[in-house]
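Novice: To start, I am sharing the structure in question, which I have written as C-alpha cells.
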Amino acid sequence: KEYENIIVSRPGNGVGLITLNRPKALNALSSPLFEELNYATAELDGDNEIGALVITGSERAFAAGADIKEMKDKTFADVYQNKFLENWGKLATIRKPIIAAVSGYALGGGCELALMCDIILASPTAVFGQPEINLGVIPGGGGTQRLIHAIGKSRTMELVLTGRNFSAAEAESWGMISRVVKEGEGEVVKEAIKVAEAIASKGRLAVHAGKEAVNAAYEMSLAEGLRFERRIFHGLFATQDQKEGMSAFAEKRKANWSHS
Ligand code: HXC
C-alpha cells in the first residue's frame, strides 16, 4: 500500500516501524493520517514476521495534535453523526506491543497517541501537553482518562485545565513514560527499536497474554484482575512455548520459540 502521511519500515528483527510524516504540519493527526496509521498497525499486527511495533515522528514533532485546520469549522452534528475521532480507538485493539518513541512536540492528540501506546520512550527534547483548553475544547482522544491512570488526578487536572506543556523529565518523574533516553538525533528511535527487538525475540503468545493482562488492570478490580491474570497464566500451560521455555531452562539452553 502507498502511504501519504506515514512511512512504514522494518528496521530490525521482528520490528515494524511507523514514522508519522506530515512535516509541514508538525505531524498533525488528520483523518487521512489516522486512517493510514490504523491500516498499517492492523497489517503489522497480522504479520507473522513482526513481534512489536514502534511509532515515531520527527526530531521536531512526534505529533502537534489533531489537525486544528481540519476541525475548526465542524459542527456538533458533523462530529457526532460522523463519529469524529472514534476510529482512534482502533489502536487500542492491536495485540502486539506498541512503543512510542517521542521527540519534540507531543501535544493534544499527539500526547494522547503516545498514551495509547504500551510503552513510551522520550528524547530529552520531548514536550508534552494537553493544550486543548486554549482552543475552547478538552482532550478528546483519551487524555483526561489515560492521564489519570498514568499520573493521578491533581496533575491531570492541572495539565488539562491550564493547558501548560510539560517536559520529558516531568513525564518521567511522574511515571507517565518508561524513561528518557540519551540526547542525540535518532537516539530515541534506536532505543525503541532495541526494546521492540527484545520483545519480538520472545514467544508471541506469552507477549500477547502479558499485554492483555496488564491492560486488564485498567478495567477491573484487583480481585477480578488477579483472577484474570491467573487464568491466562494457567492457559499458557497449554502452549508449546511454555514447554519449550521451561525445558530450555532445565537443559541450560536458549529457548527456540514456535509461537504456538
Ligand atoms: C494543524 C498544525 C498543528 C495542528 C502545527 N500546525 N500544529 N496544523 N493542526 N495541531 C502547523 C502550523 O499551522 C504551521 O503551518 C506548521 O504546522 C508549523 O507550525 P508553527 O506553529 O509555525 O511552528 P512553531 O512556531 O514552532 O510552533 C509549534 C507549536 C504550534 C507550539 C507546536 O504549532 C502549536 O501550538 N500547535 C498546535 C498545538 C495544539 O494546540 N495541539 C492540540 C490540537 S487539539 P503553516 O501552514 O502556518 O506553516 C487536539 C484535540 C485532540 O489535539 C482531540 C482528539 C484527539
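Each chain in the C-alpha cells gets a letter, A, B and so on, in the order shown; residues start at 1 in every chain, and ligands are counted from 1 in the order they appear.
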Using only C-alpha atoms, determine which residues lie at most 8 Å from Gly225 of chain A, disregarding the query and same-chain residues fewer than 5 positions distant; provide the list as an mmCIF file with C-alpha atoms, in the first residue's frame.
Specialist:
data_model
loop_
_atom_site.group_PDB
_atom_site.id
_atom_site.type_symbol
_atom_site.label_atom_id
_atom_site.label_comp_id
_atom_site.auth_asym_id
_atom_site.auth_seq_id
_atom_site.Cartn_x
_atom_site.Cartn_y
_atom_site.Cartn_z
ATOM 1 C CA ALA A 213 -3.243 -8.968 31.429
ATOM 2 C CA ALA A 216 -6.933 -5.584 32.181
ATOM 3 C CA ALA A 217 -5.763 -3.692 35.272
ATOM 4 C CA MET A 220 -11.014 -4.449 36.549
#
Novice: With only C-alpha atoms as the counted atoms, please give the residues lying no more than 12 Å from Arg179 of chain A, apart from itself and same-chain residues fewer than 6 positions off, as a PyMOL selection string.
Specialist: chain A and resi 99-102+119-124+126+168-173+188+191-192+195
Novice: If we count only C-alpha atoms and set the cut-off at 8 Å, which residues sit around segment 58-71 of chain A, ignoring sequence neighbours fewer than 6 positions away in its own chain? Please answer as a ChimeraX atom specification.
Specialist: /A:19-21,23,25-30,101-111,185-186
Novice: Keeping only N, CA and C atoms, write those residues as an mmCIF file, in the first residue's frame.
Specialist:
data_model
loop_
_atom_site.group_PDB
_atom_site.id
_atom_site.type_symbol
_atom_site.label_atom_id
_atom_site.label_comp_id
_atom_site.auth_asym_id
_atom_site.auth_seq_id
_atom_site.Cartn_x
_atom_site.Cartn_y
_atom_site.Cartn_z
ATOM 1 N N THR A 19 6.599 5.732 10.942
ATOM 2 C CA THR A 19 7.064 7.110 11.139
ATOM 3 C C THR A 19 5.997 8.061 10.616
ATOM 4 N N LEU A 20 5.464 8.888 11.497
ATOM 5 C CA LEU A 20 4.471 9.878 11.073
ATOM 6 C C LEU A 20 5.197 10.888 10.191
ATOM 7 N N ASN A 21 4.601 11.235 9.066
ATOM 8 C CA ASN A 21 5.345 12.001 8.072
ATOM 9 C C ASN A 21 4.503 13.085 7.401
ATOM 10 N N PRO A 23 5.572 16.577 7.760
ATOM 11 C CA PRO A 23 6.491 17.543 8.380
ATOM 12 C C PRO A 23 5.972 18.970 8.355
ATOM 13 N N ALA A 25 3.093 20.117 8.741
ATOM 14 C CA ALA A 25 2.063 20.378 9.751
ATOM 15 C C ALA A 25 2.472 19.806 11.103
ATOM 16 N N LEU A 26 3.778 19.604 11.304
ATOM 17 C CA LEU A 26 4.288 19.016 12.558
ATOM 18 C C LEU A 26 3.537 17.733 12.922
ATOM 19 N N ASN A 27 3.272 16.940 11.893
ATOM 20 C CA ASN A 27 2.594 15.642 12.064
ATOM 21 C C ASN A 27 1.212 15.759 12.705
ATOM 22 N N ALA A 28 0.519 16.865 12.441
ATOM 23 C CA ALA A 28 -0.865 16.981 12.930
ATOM 24 C C ALA A 28 -1.646 15.764 12.429
ATOM 25 N N LEU A 29 -2.444 15.213 13.345
ATOM 26 C CA LEU A 29 -3.097 13.920 13.095
ATOM 27 C C LEU A 29 -4.423 14.131 12.362
ATOM 28 N N SER A 30 -4.319 14.325 11.071
ATOM 29 C CA SER A 30 -5.519 14.487 10.243
ATOM 30 C C SER A 30 -6.240 13.149 10.126
ATOM 31 N N ALA A 101 8.064 6.344 20.399
ATOM 32 C CA ALA A 101 9.383 6.983 20.513
ATOM 33 C C ALA A 101 9.172 8.469 20.257
ATOM 34 N N VAL A 102 9.189 9.254 21.330
ATOM 35 C CA VAL A 102 8.751 10.654 21.254
ATOM 36 C C VAL A 102 9.927 11.634 21.288
ATOM 37 N N SER A 103 10.042 12.437 20.221
ATOM 38 C CA SER A 103 10.950 13.598 20.203
ATOM 39 C C SER A 103 10.111 14.823 19.894
ATOM 40 N N GLY A 104 10.478 15.968 20.423
ATOM 41 C CA GLY A 104 9.787 17.216 20.094
ATOM 42 C C GLY A 104 8.363 17.235 20.631
ATOM 43 N N TYR A 105 7.504 17.952 19.910
ATOM 44 C CA TYR A 105 6.142 18.183 20.410
ATOM 45 C C TYR A 105 5.272 16.924 20.391
ATOM 46 N N ALA A 106 4.672 16.644 21.532
ATOM 47 C CA ALA A 106 3.624 15.613 21.603
ATOM 48 C C ALA A 106 2.470 16.302 22.329
ATOM 49 N N LEU A 107 1.701 17.061 21.562
ATOM 50 C CA LEU A 107 0.667 17.914 22.156
ATOM 51 C C LEU A 107 -0.728 17.426 21.785
ATOM 52 N N GLY A 108 -1.673 17.651 22.683
ATOM 53 C CA GLY A 108 -3.058 17.301 22.398
ATOM 54 C C GLY A 108 -3.164 15.847 21.964
ATOM 55 N N GLY A 109 -3.721 15.650 20.775
ATOM 56 C CA GLY A 109 -3.860 14.295 20.245
ATOM 57 C C GLY A 109 -2.526 13.575 20.119
ATOM 58 N N GLY A 110 -1.425 14.320 20.004
ATOM 59 C CA GLY A 110 -0.102 13.700 19.925
ATOM 60 C C GLY A 110 0.277 13.069 21.257
ATOM 61 N N CYS A 111 -0.035 13.764 22.340
ATOM 62 C CA CYS A 111 0.205 13.222 23.677
ATOM 63 C C CYS A 111 -0.718 12.023 23.901
ATOM 64 N N GLU A 185 20.317 12.970 17.919
ATOM 65 C CA GLU A 185 19.369 12.728 16.837
ATOM 66 C C GLU A 185 19.147 11.232 16.645
ATOM 67 N N GLY A 186 17.910 10.838 16.609
ATOM 68 C CA GLY A 186 17.573 9.445 16.326
ATOM 69 C C GLY A 186 17.751 8.494 17.497
#
Novice: Suppose you want the space between atom 8 (N, counted along the ligand's line) of ligand 1 and atom CA of Ser31 of chain A; what is it in Å?
Specialist: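 Calculated distance between atom 8 (N, counted along the ligand's line) of ligand 1 and atom CA of Ser31 of chain A is 12.5 Å.
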Novice: Quick one: everything within 12 Å of Trp174 of chain A, counting only C-alpha atoms, minus sequence neighbours fewer than 2 positions away in the same chain. Send it as a PDB file with N, CA and C atoms, in the first residue's frame.
Specialist:
ATOM      1  N   LEU A 147      -4.488   9.880  31.275  1.00  0.00           N
ATOM      2  CA  LEU A 147      -3.542  10.606  32.134  1.00  0.00           C
ATOM      3  C   LEU A 147      -3.824  10.333  33.603  1.00  0.00           C
ATOM      4  N   ILE A 148      -5.101  10.275  33.968  1.00  0.00           N
ATOM      5  CA  ILE A 148      -5.460   9.976  35.364  1.00  0.00           C
ATOM      6  C   ILE A 148      -4.784   8.681  35.810  1.00  0.00           C
ATOM      7  N   HIS A 149      -4.904   7.648  34.972  1.00  0.00           N
ATOM      8  CA  HIS A 149      -4.285   6.373  35.342  1.00  0.00           C
ATOM      9  C   HIS A 149      -2.769   6.505  35.425  1.00  0.00           C
ATOM     10  N   ALA A 150      -2.208   7.315  34.534  1.00  0.00           N
ATOM     11  CA  ALA A 150      -0.750   7.381  34.460  1.00  0.00           C
ATOM     12  C   ALA A 150      -0.152   8.270  35.545  1.00  0.00           C
ATOM     13  N   ILE A 151      -0.774   9.419  35.828  1.00  0.00           N
ATOM     14  CA  ILE A 151      -0.094  10.393  36.701  1.00  0.00           C
ATOM     15  C   ILE A 151      -0.970  10.927  37.832  1.00  0.00           C
ATOM     16  N   GLY A 152      -2.209  10.448  37.948  1.00  0.00           N
ATOM     17  CA  GLY A 152      -3.061  10.857  39.073  1.00  0.00           C
ATOM     18  C   GLY A 152      -3.912  12.080  38.773  1.00  0.00           C
ATOM     19  N   LYS A 153      -4.843  12.333  39.671  1.00  0.00           N
ATOM     20  CA  LYS A 153      -5.873  13.345  39.434  1.00  0.00           C
ATOM     21  C   LYS A 153      -5.365  14.776  39.488  1.00  0.00           C
ATOM     22  N   SER A 154      -4.579  15.104  40.496  1.00  0.00           N
ATOM     23  CA  SER A 154      -4.215  16.501  40.688  1.00  0.00           C
ATOM     24  C   SER A 154      -3.377  17.012  39.509  1.00  0.00           C
ATOM     25  N   ARG A 155      -2.397  16.220  39.107  1.00  0.00           N
ATOM     26  CA  ARG A 155      -1.559  16.621  37.960  1.00  0.00           C
ATOM     27  C   ARG A 155      -2.379  16.677  36.692  1.00  0.00           C
ATOM     28  N   THR A 156      -3.246  15.681  36.498  1.00  0.00           N
ATOM     29  CA  THR A 156      -4.077  15.669  35.292  1.00  0.00           C
ATOM     30  C   THR A 156      -4.942  16.917  35.237  1.00  0.00           C
ATOM     31  N   PHE A 166       4.524  20.146  29.446  1.00  0.00           N
ATOM     32  CA  PHE A 166       5.423  19.552  30.447  1.00  0.00           C
ATOM     33  C   PHE A 166       6.554  18.803  29.748  1.00  0.00           C
ATOM     34  N   SER A 167       7.651  18.657  30.499  1.00  0.00           N
ATOM     35  CA  SER A 167       8.894  18.154  29.893  1.00  0.00           C
ATOM     36  C   SER A 167       8.986  16.636  29.990  1.00  0.00           C
ATOM     37  N   ALA A 168       9.976  16.103  29.259  1.00  0.00           N
ATOM     38  CA  ALA A 168      10.272  14.672  29.340  1.00  0.00           C
ATOM     39  C   ALA A 168      10.664  14.310  30.770  1.00  0.00           C
ATOM     40  N   ALA A 169      11.431  15.193  31.424  1.00  0.00           N
ATOM     41  CA  ALA A 169      11.869  14.909  32.801  1.00  0.00           C
ATOM     42  C   ALA A 169      10.670  14.834  33.744  1.00  0.00           C
ATOM     43  N   GLU A 170       9.705  15.765  33.574  1.00  0.00           N
ATOM     44  CA  GLU A 170       8.499  15.702  34.408  1.00  0.00           C
ATOM     45  C   GLU A 170       7.737  14.408  34.130  1.00  0.00           C
ATOM     46  N   ALA A 171       7.557  14.118  32.842  1.00  0.00           N
ATOM     47  CA  ALA A 171       6.797  12.910  32.462  1.00  0.00           C
ATOM     48  C   ALA A 171       7.446  11.667  33.062  1.00  0.00           C
ATOM     49  N   GLU A 172       8.785  11.669  33.096  1.00  0.00           N
ATOM     50  CA  GLU A 172       9.491  10.516  33.667  1.00  0.00           C
ATOM     51  C   GLU A 172       9.301  10.463  35.177  1.00  0.00           C
ATOM     52  N   MET A 176       4.758   8.695  33.766  1.00  0.00           N
ATOM     53  CA  MET A 176       3.936   8.636  32.548  1.00  0.00           C
ATOM     54  C   MET A 176       4.663   7.927  31.421  1.00  0.00           C
ATOM     55  N   ILE A 177       6.001   8.056  31.449  1.00  0.00           N
ATOM     56  CA  ILE A 177       6.790   7.398  30.407  1.00  0.00           C
ATOM     57  C   ILE A 177       7.723   6.398  31.065  1.00  0.00           C
ATOM     58  N   SER A 178       8.231   5.497  30.249  1.00  0.00           N
ATOM     59  CA  SER A 178       9.113   4.479  30.770  1.00  0.00           C
ATOM     60  C   SER A 178      10.455   5.092  31.156  1.00  0.00           C
ATOM     61  N   ARG A 179      11.025   5.911  30.247  1.00  0.00           N
ATOM     62  CA  ARG A 179      12.261   6.630  30.581  1.00  0.00           C
ATOM     63  C   ARG A 179      12.632   7.635  29.505  1.00  0.00           C
TER      64      ARG A 179
END
Novice: What is the atom CA of Pro32 of chain A to atom CA of Val160 of chain A distance in Å?
Specialist: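 Between atom CA of Pro32 of chain A and atom CA of Val160 of chain A the gap is 26.5 Å.
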Novice: Between A:Gly89, A:Phe249, A:Leu33, A:Arg204, single out the one closest to Glu49 of chain A, counting only C-alpha atoms.
Specialist: A:Arg204
Novice: Which one of A:Thr93, A:Thr239, A:Asn215, A:Asn134 sits closest to ligand 1 if you count only C-alpha atoms and all ligand atoms?
Specialist: A:Asn134
Novice: What lies within 7 Å of Asn165 of chain A using only C-alpha atoms, ignoring chain neighbours under 2 positions off, as a list in words?
Specialist: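 The neighbour list is Val127, Phe128, Gly129, Gly163 and Ser167 of chain A.
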Novice: Produce a file of the selected residues containing C-alpha atoms, as a compact mmCIF listing (two decimals), in the first residue's frame.
Specialist:
# COMPACT_ATOMS: atom_id res chain seq x y z
CA VAL A 127 7.48 18.48 25.02
CA PHE A 128 4.18 17.01 26.15
CA GLY A 129 0.92 18.82 26.79
CA GLY A 163 -3.04 23.57 29.09
CA SER A 167 8.89 18.15 29.89
Novice: Could you please determine the separation between atom CA of Asn82 of chain A and atom CA of Gln130 of chain A in Å, to one decimal place?
Specialist: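 Rounded to one decimal, the two atoms are 23.8 Å apart.
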Novice: Compile the contact shell of Met116 of chain A as an NGL selection string: residues with an atom at most 8 Å away, counting only C-alpha atoms, same-chain residues fewer than 5 positions apart removed.
Specialist: :A and (91-92 or 146)
Novice: What residues in segment 2-239 of chain A get the DSSP label strand (DSSP E or B)? Please answer as JSON, numbers by chain.
Specialist: {"A": [6, 7, 8, 9, 10, 11, 12, 15, 16, 17, 18, 19, 20, 29, 52, 53, 54, 55, 56, 61, 62, 63, 66, 98, 99, 100, 101, 102, 105, 106, 107, 119, 120, 121, 122, 127, 128, 129, 165, 166, 167, 179, 180]}
Novice: I want to know what sits within 8 Å of Ile199 of chain A, based on only C-alpha atoms, with residues of the same chain fewer than 4 positions away left out; could you give that as an MDAnalysis selection string?
Specialist: chainID A and resid 51:52 195 207
Novice: Save the residues we just selected, C-alpha atoms, as a compact mmCIF listing (two decimals), in the first residue's frame?
Specialist:
# COMPACT_ATOMS: atom_id res chain seq x y z
CA GLY A 51 6.61 -9.13 17.06
CA ALA A 52 6.41 -5.49 18.15
CA VAL A 195 13.20 -2.61 23.18
CA VAL A 207 3.79 -11.45 24.93
Novice: Rank A:Ala196, A:Asn87, A:Arg231, A:Glu158 by their smallest atom-to-atom distance to ligand 1, using only C-alpha atoms and all ligand atoms, and report the top residue only.
Specialist: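 Closest to ligand 1 of all the choices is A:Asn87.
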Novice: Check the smallest atom-to-atom distance from each of A:Glu36, A:Glu183, A:Glu112, A:Glu43 to Asn5 of chain A using only C-alpha atoms, then report the winner.
Specialist: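 Result for the nearest residue to Asn5 of chain A: A:Glu36.
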Novice: Considering only C-alpha atoms and all ligand atoms, state which residue in the set A:Met246, A:Ile133, A:Met157, A:Ile98 is at the smallest distance from ligand 1.
Specialist: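 Closest to ligand 1, using only C-alpha atoms and all ligand atoms: A:Ile133.
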Novice: For the structure I just gave you, how does DSSP split segment 106-154 of chain A - specifically, which residues are helix (DSSP H, G or I)? Reply as a list of chain:residue names.
Specialist: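 The helix (DSSP H, G or I) subset of segment 106-154 of chain A is A:Gly109, A:Gly110, A:Cys111, A:Glu112, A:Leu113, A:Ala114, A:Leu115, A:Met116, A:Pro131, A:Glu132, A:Ile133, A:Asn134, A:Leu135, A:Gly143, A:Thr144, A:Gln145, A:Arg146, A:Leu147, A:Ile148, A:His149, A:Ala150, A:Ile151, A:Lys153, A:Ser154.
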Novice: For those residues, write N, CA and C atoms to a file as a short mmCIF file (atom, residue, chain, number, x, y, z; two decimals), in the first residue's frame.
Specialist:
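As written to disk, out.cif reads:
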data_model
loop_
_atom_site.label_atom_id
_atom_site.label_comp_id
_atom_site.auth_asym_id
_atom_site.auth_seq_id
_atom_site.Cartn_x
_atom_site.Cartn_y
_atom_site.Cartn_z
N GLY A 109 -3.72 15.65 20.78
CA GLY A 109 -3.86 14.29 20.24
C GLY A 109 -2.53 13.58 20.12
N GLY A 110 -1.42 14.32 20.00
CA GLY A 110 -0.10 13.70 19.93
C GLY A 110 0.28 13.07 21.26
N CYS A 111 -0.03 13.76 22.34
CA CYS A 111 0.20 13.22 23.68
C CYS A 111 -0.72 12.02 23.90
N GLU A 112 -1.94 12.15 23.43
CA GLU A 112 -2.92 11.07 23.60
C GLU A 112 -2.53 9.83 22.78
N LEU A 113 -1.97 10.07 21.60
CA LEU A 113 -1.49 8.94 20.79
C LEU A 113 -0.39 8.20 21.54
N ALA A 114 0.54 8.96 22.13
CA ALA A 114 1.61 8.32 22.90
C ALA A 114 1.01 7.51 24.06
N LEU A 115 -0.01 8.10 24.72
CA LEU A 115 -0.62 7.41 25.87
C LEU A 115 -1.38 6.14 25.46
N MET A 116 -1.78 6.07 24.19
CA MET A 116 -2.46 4.86 23.69
C MET A 116 -1.46 3.73 23.47
N PRO A 131 -3.05 20.95 25.37
CA PRO A 131 -3.40 22.38 25.28
C PRO A 131 -4.81 22.66 24.77
N GLU A 132 -5.66 21.65 24.71
CA GLU A 132 -6.98 21.83 24.11
C GLU A 132 -7.80 22.95 24.74
N ILE A 133 -7.56 23.19 26.05
CA ILE A 133 -8.33 24.22 26.75
C ILE A 133 -8.13 25.58 26.07
N ASN A 134 -6.95 25.76 25.46
CA ASN A 134 -6.66 27.02 24.76
C ASN A 134 -7.42 27.15 23.44
N LEU A 135 -8.03 26.04 23.01
CA LEU A 135 -8.79 26.04 21.75
C LEU A 135 -10.29 26.00 22.05
N GLY A 143 -7.19 11.67 26.63
CA GLY A 143 -6.25 12.38 27.52
C GLY A 143 -6.71 12.46 28.96
N THR A 144 -7.95 12.86 29.18
CA THR A 144 -8.40 13.02 30.57
C THR A 144 -8.41 11.66 31.29
N GLN A 145 -8.75 10.61 30.58
CA GLN A 145 -8.88 9.30 31.22
C GLN A 145 -7.54 8.59 31.38
N ARG A 146 -6.74 8.56 30.31
CA ARG A 146 -5.48 7.83 30.41
C ARG A 146 -4.46 8.55 31.28
N LEU A 147 -4.49 9.88 31.27
CA LEU A 147 -3.54 10.61 32.13
C LEU A 147 -3.82 10.33 33.60
N ILE A 148 -5.10 10.28 33.97
CA ILE A 148 -5.46 9.98 35.36
C ILE A 148 -4.78 8.68 35.81
N HIS A 149 -4.90 7.65 34.97
CA HIS A 149 -4.28 6.37 35.34
C HIS A 149 -2.77 6.51 35.43
N ALA A 150 -2.21 7.31 34.53
CA ALA A 150 -0.75 7.38 34.46
C ALA A 150 -0.15 8.27 35.54
N ILE A 151 -0.77 9.42 35.83
CA ILE A 151 -0.09 10.39 36.70
C ILE A 151 -0.97 10.93 37.83
N LYS A 153 -4.84 12.33 39.67
CA LYS A 153 -5.87 13.35 39.43
C LYS A 153 -5.37 14.78 39.49
N SER A 154 -4.58 15.10 40.50
CA SER A 154 -4.22 16.50 40.69
C SER A 154 -3.38 17.01 39.51
#
